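Structure below is run-v6.txt: compact mmCIF, C-alpha atoms and all ligand atoms.
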# COMPACT_ATOMS: atom_id res chain seq x y z
CA MET N 1 -14.16 11.24 -3.96
CA PRO N 2 -15.26 8.62 -1.43
CA LEU N 3 -17.76 5.96 -2.51
CA ASP N 4 -21.32 6.47 -1.35
CA PRO N 5 -21.69 4.79 2.05
CA GLU N 6 -24.08 2.07 0.84
CA THR N 7 -21.79 0.97 -2.00
CA PHE N 8 -18.83 1.00 0.35
CA ASP N 9 -20.64 -1.05 3.01
CA ALA N 10 -21.62 -3.56 0.32
CA LEU N 11 -17.96 -3.81 -0.74
CA ILE N 12 -16.80 -4.41 2.84
CA ASP N 13 -19.51 -7.01 3.30
CA THR N 14 -18.46 -8.82 0.11
CA VAL N 15 -14.80 -8.74 1.14
CA ARG N 16 -15.63 -10.01 4.64
CA ARG N 17 -17.60 -12.93 3.23
CA PHE N 18 -14.86 -13.67 0.66
CA VAL N 19 -12.16 -13.69 3.37
CA ALA N 20 -14.16 -15.86 5.76
CA GLY N 21 -15.76 -18.21 3.25
CA ARG N 22 -13.20 -18.56 0.44
CA LEU N 23 -9.76 -17.60 1.78
CA ARG N 24 -9.60 -18.87 5.36
CA PRO N 25 -10.34 -22.48 4.36
CA LEU N 26 -7.40 -22.33 1.91
CA GLU N 27 -4.76 -21.06 4.37
CA ALA N 28 -3.08 -24.42 5.04
CA ARG N 29 -3.06 -25.29 1.32
CA VAL N 30 -1.40 -21.99 0.39
CA GLU N 31 1.21 -22.54 3.10
CA GLU N 32 1.98 -26.01 1.75
CA GLU N 33 1.93 -25.21 -1.97
CA ASP N 34 3.50 -21.73 -1.69
CA GLU N 35 1.05 -20.59 -4.36
CA ILE N 36 -2.31 -18.82 -4.44
CA PRO N 37 -4.85 -20.92 -6.38
CA GLY N 38 -5.59 -19.53 -9.85
CA GLU N 39 -9.35 -19.49 -9.24
CA ILE N 40 -8.85 -17.18 -6.24
CA VAL N 41 -6.83 -14.74 -8.37
CA ARG N 42 -9.64 -14.78 -10.95
CA GLU N 43 -12.26 -14.11 -8.27
CA MET N 44 -10.15 -11.22 -6.95
CA ARG N 45 -10.05 -9.75 -10.46
CA GLU N 46 -13.82 -10.02 -10.77
CA MET N 47 -14.26 -8.26 -7.42
CA GLY N 48 -12.18 -5.31 -8.67
CA LEU N 49 -9.54 -5.75 -5.95
CA PHE N 50 -6.60 -4.97 -8.25
CA GLY N 51 -8.04 -1.51 -8.89
CA LEU N 52 -9.13 -0.52 -5.37
CA SER N 53 -6.98 2.63 -5.24
CA ILE N 54 -6.90 3.44 -8.95
CA PRO N 55 -9.07 6.38 -10.04
CA GLU N 56 -12.45 5.47 -11.52
CA GLU N 57 -11.63 7.21 -14.81
CA TYR N 58 -8.95 4.52 -15.35
CA GLY N 59 -11.23 1.62 -14.46
CA GLY N 60 -10.51 1.35 -10.72
CA LEU N 61 -12.78 1.74 -7.72
CA GLY N 62 -11.06 4.99 -6.71
CA LEU N 63 -11.19 4.37 -2.96
CA ASN N 64 -9.80 7.10 -0.75
CA MET N 65 -7.25 6.18 1.93
CA SER N 66 -9.80 5.79 4.73
CA GLU N 67 -11.72 3.32 2.57
CA GLU N 68 -8.60 1.49 1.38
CA VAL N 69 -7.36 0.86 4.93
CA ARG N 70 -10.77 -0.58 5.87
CA VAL N 71 -10.44 -3.09 3.02
CA ALA N 72 -6.81 -3.86 3.99
CA LEU N 73 -7.97 -4.45 7.55
CA GLU N 74 -10.49 -7.05 6.36
CA PHE N 75 -7.77 -8.83 4.38
CA GLY N 76 -5.68 -8.93 7.57
CA ARG N 77 -8.07 -11.55 8.91
CA THR N 78 -6.52 -14.22 6.75
CA THR N 79 -3.06 -15.28 5.66
CA PRO N 80 -1.40 -12.07 4.42
CA ALA N 81 -0.16 -13.69 1.20
CA PHE N 82 -3.69 -13.36 -0.21
CA ARG N 83 -3.48 -9.58 0.07
CA SER N 84 -0.10 -9.62 -1.64
CA VAL N 85 -1.74 -10.91 -4.83
CA PHE N 86 -3.23 -7.47 -5.48
CA GLY N 87 -1.24 -5.50 -2.88
CA THR N 88 1.43 -4.26 -5.28
CA ASN N 89 -1.17 -3.20 -7.89
CA VAL N 90 -3.12 -1.26 -5.27
CA GLY N 91 -0.05 0.18 -3.56
CA ILE N 92 3.65 0.38 -4.22
CA GLY N 93 3.50 -0.96 -7.79
CA SER N 94 0.94 1.49 -9.16
CA GLN N 95 0.94 4.58 -6.97
CA GLY N 96 4.09 6.12 -8.47
CA LEU N 97 2.19 6.13 -11.75
CA VAL N 98 -1.00 7.48 -10.16
CA MET N 99 0.91 10.27 -8.37
CA ALA N 100 3.53 11.25 -10.95
CA GLY N 101 2.55 9.68 -14.27
CA SER N 102 1.66 11.66 -17.40
CA ASP N 103 -1.81 11.31 -18.92
CA ALA N 104 -0.37 9.13 -21.68
CA GLN N 105 1.39 6.84 -19.17
CA LYS N 106 -1.78 6.54 -17.10
CA GLN N 107 -3.93 5.78 -20.16
CA GLU N 108 -1.48 3.14 -21.30
CA TRP N 109 -1.15 1.22 -18.02
CA LEU N 110 -3.70 2.04 -15.33
CA PRO N 111 -6.78 0.37 -16.88
CA ARG N 112 -4.88 -2.90 -17.23
CA ILE N 113 -3.42 -2.57 -13.71
CA ALA N 114 -6.90 -1.92 -12.32
CA SER N 115 -8.30 -5.01 -14.04
CA GLY N 116 -5.43 -7.21 -12.84
CA GLU N 117 -4.34 -8.00 -16.40
CA VAL N 118 -1.03 -6.29 -15.63
CA ILE N 119 0.70 -7.14 -12.35
CA THR N 120 3.07 -4.47 -11.08
CA SER N 121 6.09 -4.55 -8.78
CA PHE N 122 8.04 -1.82 -7.01
CA ALA N 123 11.80 -2.15 -7.39
CA LEU N 124 13.86 0.01 -5.05
CA THR N 125 15.91 -2.42 -2.92
CA GLU N 126 19.26 -3.74 -4.19
CA PRO N 127 21.94 -6.05 -2.82
CA GLY N 128 23.86 -2.98 -1.60
CA ALA N 129 20.93 -0.62 -0.94
CA GLY N 130 18.24 -1.59 1.59
CA SER N 131 17.39 0.88 4.32
CA ASP N 132 19.58 3.40 2.50
CA GLY N 133 17.36 3.47 -0.57
CA ALA N 134 18.94 6.69 -1.84
CA SER N 135 22.20 4.81 -2.48
CA VAL N 136 20.83 2.64 -5.33
CA GLN N 137 23.45 1.76 -7.95
CA THR N 138 21.20 0.51 -10.77
CA LYS N 139 22.04 2.89 -13.59
CA ALA N 140 19.90 4.40 -16.32
CA VAL N 141 22.08 5.97 -19.01
CA ARG N 142 20.35 8.16 -21.56
CA GLU N 143 21.06 7.44 -25.24
CA GLY N 144 18.74 9.56 -27.39
CA GLU N 145 15.15 8.43 -26.86
CA ILE N 146 16.00 5.50 -24.58
CA TYR N 147 17.73 4.88 -21.25
CA LYS N 148 19.93 1.79 -20.97
CA LEU N 149 19.07 0.25 -17.61
CA SER N 150 21.62 -1.99 -15.82
CA GLY N 151 21.74 -3.38 -12.29
CA THR N 152 20.11 -5.81 -9.86
CA LYS N 153 17.06 -5.30 -7.64
CA ARG N 154 16.54 -7.58 -4.62
CA PHE N 155 13.52 -8.97 -2.68
CA ILE N 156 10.99 -7.67 -5.22
CA THR N 157 7.45 -8.74 -4.29
CA ASN N 158 5.45 -10.34 -7.13
CA ALA N 159 8.45 -10.04 -9.51
CA ASP N 160 7.78 -13.52 -10.93
CA LYS N 161 4.24 -12.47 -11.91
CA ALA N 162 4.90 -8.85 -12.84
CA SER N 163 4.61 -7.47 -16.33
CA LEU N 164 5.52 -3.94 -15.22
CA PHE N 165 8.16 -2.75 -12.76
CA THR N 166 8.44 0.72 -11.23
CA VAL N 167 12.24 0.93 -11.01
CA MET N 168 14.30 3.51 -9.14
CA ALA N 169 17.63 3.98 -10.94
CA ARG N 170 20.51 6.41 -10.92
CA THR N 171 20.53 8.97 -13.72
CA GLY N 172 22.68 11.57 -11.94
CA GLY N 173 25.22 11.93 -9.14
CA GLU N 174 25.30 10.29 -5.71
CA GLY N 175 22.39 10.60 -3.25
CA ALA N 176 18.64 11.00 -3.49
CA HIS N 177 18.72 13.75 -6.14
CA GLY N 178 20.47 11.47 -8.62
CA VAL N 179 17.62 8.91 -8.65
CA SER N 180 14.86 8.74 -11.28
CA ALA N 181 11.82 6.44 -11.54
CA PHE N 182 10.95 4.39 -14.63
CA LEU N 183 8.10 2.20 -15.81
CA VAL N 184 9.88 -0.91 -17.09
CA PRO N 185 7.89 -3.58 -18.96
CA ALA N 186 9.08 -7.06 -17.97
CA ASP N 187 9.26 -8.17 -21.59
CA LEU N 188 11.95 -5.65 -22.59
CA PRO N 189 15.17 -7.28 -23.79
CA GLY N 190 17.74 -7.47 -20.97
CA VAL N 191 15.16 -7.90 -18.16
CA SER N 192 15.28 -11.18 -16.24
CA VAL N 193 13.80 -12.40 -12.96
CA GLY N 194 15.46 -14.82 -10.51
CA ARG N 195 13.85 -17.73 -8.69
CA PRO N 196 11.55 -17.04 -5.73
CA GLU N 197 13.48 -16.93 -2.42
CA LYS N 198 12.75 -19.39 0.39
CA LYS N 199 11.32 -17.32 3.24
CA MET N 200 10.34 -17.50 6.91
CA GLY N 201 6.63 -16.86 6.29
CA GLN N 202 3.95 -15.46 3.98
CA GLN N 203 4.21 -18.51 1.73
CA GLY N 204 2.29 -17.88 -1.48
CA ALA N 205 3.74 -14.36 -1.80
CA HIS N 206 6.98 -14.47 -3.78
CA VAL N 207 10.05 -12.25 -3.81
CA CYS N 208 12.79 -12.48 -6.42
CA ASP N 209 15.83 -10.67 -7.74
CA VAL N 210 15.30 -8.68 -10.93
CA HIS N 211 18.24 -8.13 -13.28
CA PHE N 212 18.59 -5.43 -15.90
CA ASP N 213 21.29 -5.84 -18.52
CA GLU N 214 21.31 -2.73 -20.69
CA ALA N 215 17.52 -2.94 -20.99
CA PRO N 216 16.38 -0.22 -23.45
CA VAL N 217 13.72 1.73 -21.54
CA PRO N 218 11.92 4.37 -23.66
CA ALA N 219 12.56 7.88 -22.28
CA ALA N 220 8.76 8.32 -22.41
CA ASN N 221 8.57 5.74 -19.57
CA ARG N 222 10.32 7.99 -17.04
CA LEU N 223 7.98 9.01 -14.19
CA GLY N 224 8.27 12.72 -13.50
CA ALA N 225 11.48 14.64 -14.14
CA GLU N 226 15.01 13.28 -13.87
CA GLY N 227 16.07 13.29 -10.23
CA GLU N 228 12.52 13.05 -8.83
CA GLY N 229 12.52 9.25 -8.46
CA PHE N 230 13.48 9.03 -4.81
CA LYS N 231 10.90 11.63 -3.82
CA ILE N 232 8.23 9.68 -5.74
CA ALA N 233 9.31 6.44 -4.03
CA MET N 234 9.03 8.04 -0.58
CA ARG N 235 5.55 9.41 -1.31
CA VAL N 236 4.51 5.95 -2.49
CA LEU N 237 5.90 4.44 0.72
CA ASP N 238 4.08 6.95 2.97
CA ARG N 239 0.84 5.62 1.57
CA GLY N 240 2.00 2.01 1.56
CA ARG N 241 2.91 2.23 5.24
CA LEU N 242 -0.67 3.07 6.21
CA HIS N 243 -1.91 0.14 4.13
CA ILE N 244 0.55 -2.27 5.76
CA ALA N 245 -0.33 -0.94 9.22
CA ALA N 246 -4.00 -1.65 8.47
CA VAL N 247 -3.17 -5.24 7.52
CA CYS N 248 -1.31 -5.56 10.86
CA VAL N 249 -4.42 -4.39 12.72
CA GLY N 250 -6.60 -6.92 10.86
CA ILE N 251 -4.24 -9.77 11.75
CA SER N 252 -4.13 -8.62 15.39
CA GLU N 253 -7.92 -8.67 15.52
CA ARG N 254 -7.97 -12.16 14.01
CA LEU N 255 -5.38 -13.41 16.53
CA ILE N 256 -7.34 -11.95 19.45
CA ALA N 257 -10.58 -13.57 18.21
CA ASP N 258 -8.81 -16.94 17.86
CA SER N 259 -7.20 -16.57 21.30
CA VAL N 260 -10.47 -15.67 23.02
CA ALA N 261 -12.30 -18.58 21.38
CA TYR N 262 -9.55 -21.01 22.38
CA ALA N 263 -9.35 -19.68 25.94
CA ALA N 264 -13.11 -20.12 26.33
CA GLU N 265 -13.03 -23.73 25.17
CA ARG N 266 -9.74 -25.13 26.55
CA ARG N 267 -9.97 -26.22 30.20
CA GLN N 268 -7.20 -26.68 32.76
CA PHE N 269 -7.45 -27.00 36.56
CA GLY N 270 -11.17 -27.60 36.06
CA LYS N 271 -11.86 -24.23 34.41
CA PRO N 272 -11.64 -22.57 31.00
CA LEU N 273 -8.31 -20.79 30.41
CA ALA N 274 -10.36 -17.61 30.03
CA ASP N 275 -11.07 -17.66 33.78
CA PHE N 276 -7.40 -17.22 34.66
CA GLN N 277 -6.46 -13.61 35.22
CA LEU N 278 -2.95 -14.14 33.83
CA ILE N 279 -4.57 -15.18 30.54
CA GLN N 280 -6.95 -12.21 30.74
CA ALA N 281 -3.95 -9.90 31.16
CA MET N 282 -2.54 -11.10 27.84
CA ILE N 283 -5.90 -10.59 26.15
CA ALA N 284 -6.15 -7.08 27.64
CA ASP N 285 -2.66 -6.14 26.46
CA SER N 286 -3.35 -7.45 22.95
CA GLN N 287 -6.68 -5.64 22.77
CA THR N 288 -5.14 -2.36 23.94
CA ASP N 289 -2.25 -2.67 21.46
CA THR N 290 -4.71 -3.32 18.66
CA MET N 291 -7.09 -0.49 19.50
CA ALA N 292 -4.15 1.93 19.63
CA ALA N 293 -2.81 0.67 16.29
CA ARG N 294 -6.26 0.95 14.71
CA ALA N 295 -6.64 4.52 15.93
CA LEU N 296 -3.25 5.48 14.45
CA VAL N 297 -4.16 3.93 11.09
CA LEU N 298 -7.58 5.57 10.84
CA ALA N 299 -6.23 8.97 11.93
CA GLY N 300 -3.37 8.77 9.41
CA ALA N 301 -5.76 7.78 6.61
CA ALA N 302 -8.17 10.62 7.44
CA LEU N 303 -5.29 13.08 7.44
CA ARG N 304 -4.17 11.90 4.01
CA ASP N 305 -7.71 12.25 2.68
CA SER N 306 -7.71 15.85 3.90
CA GLY N 307 -4.65 16.52 1.75
CA GLU N 308 -2.15 16.98 4.59
CA PRO N 309 1.36 15.47 4.57
CA ILE N 310 1.45 12.13 6.40
CA THR N 311 5.11 11.16 6.55
CA LEU N 312 5.13 11.26 10.37
CA GLU N 313 1.70 9.70 10.83
CA ALA N 314 2.31 6.88 8.34
CA ALA N 315 5.67 6.02 9.90
CA ALA N 316 4.17 6.06 13.41
CA ALA N 317 1.23 3.87 12.36
CA LYS N 318 3.49 1.38 10.57
CA TYR N 319 6.02 1.33 13.43
CA PHE N 320 3.40 0.81 16.14
CA ALA N 321 1.13 -1.59 14.23
CA SER N 322 3.94 -3.84 12.97
CA GLU N 323 5.58 -4.02 16.41
CA SER N 324 2.25 -4.55 18.18
CA VAL N 325 1.07 -7.34 15.86
CA GLY N 326 4.35 -9.09 16.75
CA ARG N 327 3.47 -8.83 20.44
CA VAL N 328 -0.11 -9.95 19.80
CA ALA N 329 1.09 -12.98 17.80
CA ASP N 330 3.55 -13.88 20.54
CA ARG N 331 0.81 -13.73 23.18
CA ALA N 332 -1.49 -15.81 20.95
CA VAL N 333 1.15 -18.58 20.80
CA GLN N 334 1.37 -18.37 24.61
CA ILE N 335 -2.39 -18.58 25.14
CA PHE N 336 -2.60 -21.61 22.85
CA GLY N 337 0.37 -23.25 24.61
CA GLY N 338 1.69 -26.30 22.74
CA ALA N 339 -1.22 -26.01 20.30
CA GLY N 340 0.12 -22.58 19.35
CA TYR N 341 3.58 -23.90 18.59
CA VAL N 342 2.48 -26.80 16.37
CA ALA N 343 0.91 -26.10 13.00
CA ASP N 344 -2.69 -27.26 13.61
CA HIS N 345 -4.35 -23.96 14.51
CA GLY N 346 -2.33 -21.74 12.16
CA ILE N 347 -1.12 -19.56 15.05
CA GLU N 348 2.56 -20.38 14.51
CA ARG N 349 2.06 -19.60 10.81
CA LEU N 350 0.70 -16.13 11.55
CA TYR N 351 3.50 -15.63 14.10
CA ARG N 352 6.02 -16.19 11.28
CA ASP N 353 3.96 -14.23 8.73
CA VAL N 354 3.81 -11.05 10.80
CA ARG N 355 7.57 -10.87 11.36
CA LEU N 356 7.97 -9.37 7.88
CA PHE N 357 5.94 -6.27 8.72
CA ARG N 358 8.78 -4.93 10.90
CA ILE N 359 11.18 -5.23 7.96
CA TYR N 360 9.71 -4.23 4.62
CA GLU N 361 8.50 -0.81 3.48
CA GLY N 362 11.08 0.53 5.97
CA THR N 363 12.30 -1.35 9.05
CA SER N 364 11.19 -0.32 12.54
CA GLN N 365 14.52 1.46 13.00
CA ILE N 366 13.95 3.47 9.82
CA GLN N 367 10.43 4.38 11.01
CA GLN N 368 11.96 5.59 14.30
CA LEU N 369 14.41 7.77 12.38
CA VAL N 370 11.59 9.19 10.23
CA ILE N 371 9.37 9.84 13.25
CA ALA N 372 12.18 11.61 15.12
CA ARG N 373 13.20 13.68 12.06
CA GLU N 374 9.62 14.75 11.29
CA THR N 375 8.87 15.51 14.95
CA MET N 376 11.95 17.72 15.24
CA LYS N 377 11.09 19.41 11.93
CA ARG N 378 7.55 20.18 13.08
CA ARG N 379 8.82 21.48 16.41
CA GLY N 380 11.22 23.79 14.60
C1 LIG N 401 9.52 -10.49 1.84
C2 LIG N 401 10.10 -9.17 1.42
C3 LIG N 401 9.45 -8.42 0.46
C4 LIG N 401 10.02 -7.22 0.00
N1 LIG N 401 9.44 -6.55 -1.03
C5 LIG N 401 10.09 -5.48 -1.58
C6 LIG N 401 9.60 -4.86 -2.78
O1 LIG N 401 8.56 -5.24 -3.34
N2 LIG N 401 10.31 -3.84 -3.32
C7 LIG N 401 11.47 -3.36 -2.76
O2 LIG N 401 12.06 -2.45 -3.30
N3 LIG N 401 11.95 -3.93 -1.60
C8 LIG N 401 11.29 -4.98 -1.02
N4 LIG N 401 11.80 -5.58 0.11
C9 LIG N 401 13.02 -5.07 0.70
C10 LIG N 401 12.82 -4.41 2.05
O3 LIG N 401 12.17 -3.17 1.90
C11 LIG N 401 14.20 -4.29 2.73
O4 LIG N 401 14.56 -5.62 3.11
C12 LIG N 401 14.20 -3.37 3.91
O5 LIG N 401 14.02 -2.04 3.52
C13 LIG N 401 15.49 -3.45 4.73
O6 LIG N 401 16.63 -3.42 3.92
P1 LIG N 401 17.74 -4.57 4.09
O7 LIG N 401 17.06 -5.88 4.06
O8 LIG N 401 18.80 -4.33 3.07
O9 LIG N 401 18.34 -4.38 5.54
P2 LIG N 401 19.49 -3.36 5.98
O10 LIG N 401 19.21 -2.01 5.45
O11 LIG N 401 20.80 -3.98 5.70
O12 LIG N 401 19.24 -3.32 7.55
C14 LIG N 401 19.69 -4.35 8.45
C15 LIG N 401 19.40 -3.88 9.88
O13 LIG N 401 20.09 -2.65 10.14
C16 LIG N 401 19.17 -1.66 10.56
N5 LIG N 401 19.59 -0.35 10.09
C17 LIG N 401 19.92 0.02 8.83
N6 LIG N 401 20.21 1.32 8.77
C18 LIG N 401 20.06 1.80 10.03
C19 LIG N 401 20.20 3.08 10.64
N7 LIG N 401 20.53 4.16 9.93
N8 LIG N 401 19.97 3.19 11.98
C20 LIG N 401 19.61 2.12 12.71
N9 LIG N 401 19.46 0.88 12.19
C21 LIG N 401 19.67 0.73 10.87
C22 LIG N 401 17.83 -2.08 9.96
O14 LIG N 401 16.74 -1.52 10.68
C23 LIG N 401 17.90 -3.59 10.11
O15 LIG N 401 17.56 -3.94 11.43
C24 LIG N 401 11.22 -6.75 0.59
C25 LIG N 401 11.84 -7.50 1.60
C26 LIG N 401 11.31 -8.71 2.00
C27 LIG N 401 12.05 -9.50 3.05

Represent the structure of the file as structure tokens.
Amino acid sequence: MPLDPETFDALIDTVRRFVAGRLRPLEARVEEEDEIPGEIVREMREMGLFGLSIPEEYGGLGLNMSEEVRVALEFGRTTPAFRSVFGTNVGIGSQGLVMAGSDAQKQEWLPRIASGEVITSFALTEPGAGSDGASVQTKAVREGEIYKLSGTKRFITNADKASLFTVMARTGGEGAHGVSAFLVPADLPGVSVGRPEKKMGQQGAHVCDVHFDEAPVPAANRLGAEGEGFKIAMRVLDRGRLHIAAVCVGISERLIADSVAYAAERRQFGKPLADFQLIQAMIADSQTDTMAARALVLAGAALRDSGEPITLEAAAAKYFASESVGRVADRAVQIFGGAGYVADHGIERLYRDVRLFRIYEGTSQIQQLVIARETMKRRG
């Protein structure tokens, strides 16, 4: 059920003011400290951001996909690490539970995920299993009413803050059908989290290894049936890809606004940069890229809300939006010239930040493979 339009408009207005007034002034500090200030996390909790996509009956706002991408788009207008604070709770960390959890599992976890009391992470990637997610080697071995979980997960967003992991682990033979999904509390014996990695961008959003050493996971914490884990993970990622694509569109729009403002003010050869047609060409290309990406995101979200499969549309939106925000960021550096390369205006920071979008939740090459496979399937 979508929110009534007035309530939704009020939410967007609040988010817009929060992003512009509270978050944008803190961008340089977050970059330097590699941490989101605690008071911002508290304010996000109070705004209900951790529960955006969680059904109302479990304490969330219950936004549909079209509404969620509009919120993600607004959060694209600032450093993307802010969105990561609640991004896993809204998306990949909670949606396996929303889609495939039992009533008891939902009752136990979703209200605390929606309030932000519980931070969730999604743990698919491993040292030996990245793009080939179906080849995970983390093992879950059933012993009566528990599974003993052993293995290492890599690059897990928010792992250092998480109290609940959705873990994809092998319960059967090789390949996708041997993978099951589990809700794994971080405080189980045998669960440990490595130190945050040093990264190219998105400072303030942390990724760590997560180790499982015979962690005793209750059998009641399995999501769905044995062997359904990979399918659940892919459904979660379909949704997540639309969300990420929306963030890319928001950042593109921010970069265009910054570029236009700078081009109007900076003068060379006795005129504003904006008067030069070669600068205008870059603005036109960025605007066209961004409008196309936005259209793909909104169409994909509307399709999901109508109950149709979106594997093709989500992959196409994520592929196009993540590639195009890279082009837009590159042009923004060019329009700013030397001022784009040095740190003052934050353009170089966004240029580094957006590079990740072509890698996680499926690289651009994986999106191409998905798009081709789905297109051929639909064409018989
Ligand atoms: C900051 C960050 C946050 C992340 N957060 C999470 C998280 O929360 N949870 C999680 O589970 N994972 C997470 N990941 C992992 C991320 O999803 C993987 O890094 C990504 O899927 C790619 O896997 P890989 O790094 O092992 O690269 P590889 O799979 O080794 O790929 C290397 C290169 O080979 C290409 N390639 C691979 N296979 C093919 C093919 N068949 N055809 C053509 N080209 C191919 C890839 O496109 C890429 O260019 C995160 C990663 C980062 C960097």

For stretch 6-101 of chain N against stretch 219-228 of chain N, with a cut-off of 7 Å and counting only C-alpha atoms, what is the closest atom pair and its distance in Å to one decimal for every residue that makes the cut, ordered by chain and number, as CSV?
residue,atom,partner,partner_atom,distance
N:Leu97,CA,N:Leu223,CA,6.9
N:Ala100,CA,N:Gly224,CA,5.6
N:Gly101,CA,N:Leu223,CA,5.5

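Shell of N:Lys161 at 12 Å, with all atoms listed in the file counted and residues fewer than 5 places along the chain excluded, is Glu35, Ile36, Val41, Ser84, Val85, Phe86, Thr88, Asn89, Gly116, Glu117, Val118, Ile119, Thr120, Ser121, Ile156, Pro185, Ala186, Asp187, Ser192, Val193, Gly194, Arg195, Pro196, Gly204, Ala205, His206, Val207, Cys208 and Val210 of chain N.
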
Restrict the selected residues to C-alpha atoms and save them as a compact mmCIF listing (two decimals), in the frame of the given file.
# COMPACT_ATOMS: atom_id res chain seq x y z
CA GLU N 35 1.05 -20.59 -4.36
CA ILE N 36 -2.31 -18.82 -4.44
CA VAL N 41 -6.83 -14.74 -8.37
CA SER N 84 -0.10 -9.62 -1.64
CA VAL N 85 -1.74 -10.91 -4.83
CA PHE N 86 -3.23 -7.47 -5.48
CA THR N 88 1.43 -4.26 -5.28
CA ASN N 89 -1.17 -3.20 -7.89
CA GLY N 116 -5.43 -7.21 -12.84
CA GLU N 117 -4.34 -8.00 -16.40
CA VAL N 118 -1.03 -6.29 -15.63
CA ILE N 119 0.70 -7.14 -12.35
CA THR N 120 3.07 -4.47 -11.08
CA SER N 121 6.09 -4.55 -8.78
CA ILE N 156 10.99 -7.67 -5.22
CA PRO N 185 7.89 -3.58 -18.96
CA ALA N 186 9.08 -7.06 -17.97
CA ASP N 187 9.26 -8.17 -21.59
CA SER N 192 15.28 -11.18 -16.24
CA VAL N 193 13.80 -12.40 -12.96
CA GLY N 194 15.46 -14.82 -10.51
CA ARG N 195 13.85 -17.73 -8.69
CA PRO N 196 11.55 -17.04 -5.73
CA GLY N 204 2.29 -17.88 -1.48
CA ALA N 205 3.74 -14.36 -1.80
CA HIS N 206 6.98 -14.47 -3.78
CA VAL N 207 10.05 -12.25 -3.81
CA CYS N 208 12.79 -12.48 -6.42
CA VAL N 210 15.30 -8.68 -10.93

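Atom CA of N:Leu237 sits 19.3 Å away from atom CA of N:Ala114.
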
Restricting the calculation to all atoms listed in the file, which member of N:Leu3, N:Val15, N:Ala28, N:Ile335 is positioned closest to N:Gly62?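 Checking each of N:Leu3, N:Val15, N:Ala28, N:Ile335 against N:Gly62, counting all atoms listed in the file, the winner is N:Leu3.
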
Rank nothing, just name the residue among N:Gly240, N:Gly300, N:Gly326, N:Gly380 nearest to ligand LIG 401 (chain N), using only C-alpha atoms and all ligand atoms.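 Checking each of N:Gly240, N:Gly300, N:Gly326, N:Gly380 against ligand LIG 401 (chain N), counting only C-alpha atoms and all ligand atoms, the winner is N:Gly240.
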
Give me the residues within 12 Å of N:Glu265 as a compact mmCIF listing (two decimals) with C-alpha atoms, keeping the file's coordinate frame, counting only C-alpha atoms and dropping any in the same chain fewer than 4 places off.
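And here is the file that came out, part-v9.txt:
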# COMPACT_ATOMS: atom_id res chain seq x y z
CA ASP N 258 -8.81 -16.94 17.86
CA SER N 259 -7.20 -16.57 21.30
CA VAL N 260 -10.47 -15.67 23.02
CA ALA N 261 -12.30 -18.58 21.38
CA GLY N 270 -11.17 -27.60 36.06
CA LYS N 271 -11.86 -24.23 34.41
CA PRO N 272 -11.64 -22.57 31.00
CA LEU N 273 -8.31 -20.79 30.41
CA ALA N 274 -10.36 -17.61 30.03
CA ASP N 275 -11.07 -17.66 33.78
CA ILE N 335 -2.39 -18.58 25.14
CA PHE N 336 -2.60 -21.61 22.85

Write as a PyMOL selection string the residues around ligand LIG 401 (chain N), taking 10 Å as the cut-off and counting all atoms listed in the file. chain N and resi 84+87-88+92-93+120-133+153-159+165-168+197-203+205-209+233+237+353+355-369

Using all atoms listed in the file and a cutoff of 7 Å, can you tell me which residues are near (16.4, 7.6, -16.0) in the file's coordinates, and write them out as an MDAnalysis selection string? chainID N and resid 140:142 147 169:171 180:182 222 226

Requested write-out: C-alpha atoms of the selected residues, as a JSON list (two decimals), keeping the file's coordinate frame:
[["chain", "number", "residue", "atom", "x", "y", "z"],
["N", 140, "ALA", "CA", 19.90, 4.40, -16.32],
["N", 141, "VAL", "CA", 22.08, 5.97, -19.01],
["N", 142, "ARG", "CA", 20.35, 8.16, -21.56],
["N", 147, "TYR", "CA", 17.73, 4.88, -21.25],
["N", 169, "ALA", "CA", 17.63, 3.98, -10.94],
["N", 170, "ARG", "CA", 20.51, 6.41, -10.92],
["N", 171, "THR", "CA", 20.53, 8.97, -13.72],
["N", 180, "SER", "CA", 14.86, 8.74, -11.28],
["N", 181, "ALA", "CA", 11.82, 6.44, -11.54],
["N", 182, "PHE", "CA", 10.95, 4.39, -14.63],
["N", 222, "ARG", "CA", 10.32, 7.99, -17.04],
["N", 226, "GLU", "CA", 15.01, 13.28, -13.87]]

Non-local contacts of N:Val69 (12 Å; all atoms listed in the file; under 3 positions in same chain excluded) as an NGL selection string: :N and (12 or 52-53 or 63-66 or 72-76 or 87 or 90-91 or 239-250 or 294-302 or 304-305 or 314 or 317)

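Distances to N:Val370 were evaluated for N:Thr311, N:Gln277, N:Thr290, N:Ser324 using all atoms listed in the file, and the minimum falls at N:Thr311.
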
Once 5 Å is added on each side, what are the centre and the three edge lengths, in Å to one decimal, of the axis-aligned box enclosing the listed atoms of stretch 10-15 of chain N? Present them as AutoDock Vina command-line options.
--center_x -18.2 --center_y -6.2 --center_z 1.3 --size_x 16.8 --size_y 15.3 --size_z 14.0

Measuring atom to atom with only C-alpha atoms, identify which of N:Ile40, N:Pro216, N:Arg379, N:Glu31 is nearest to N:Glu145. N:Pro216

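As for atom CA of N:Ile256 and atom CA of N:Thr14, they are spaced 22.5 Å apart.
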
Give the answer as one residue: which of N:Met376, N:Met99, N:Leu110, N:Val333 has the shortest atom-to-atom distance to N:Glu56, using all atoms listed in the file? N:Leu110
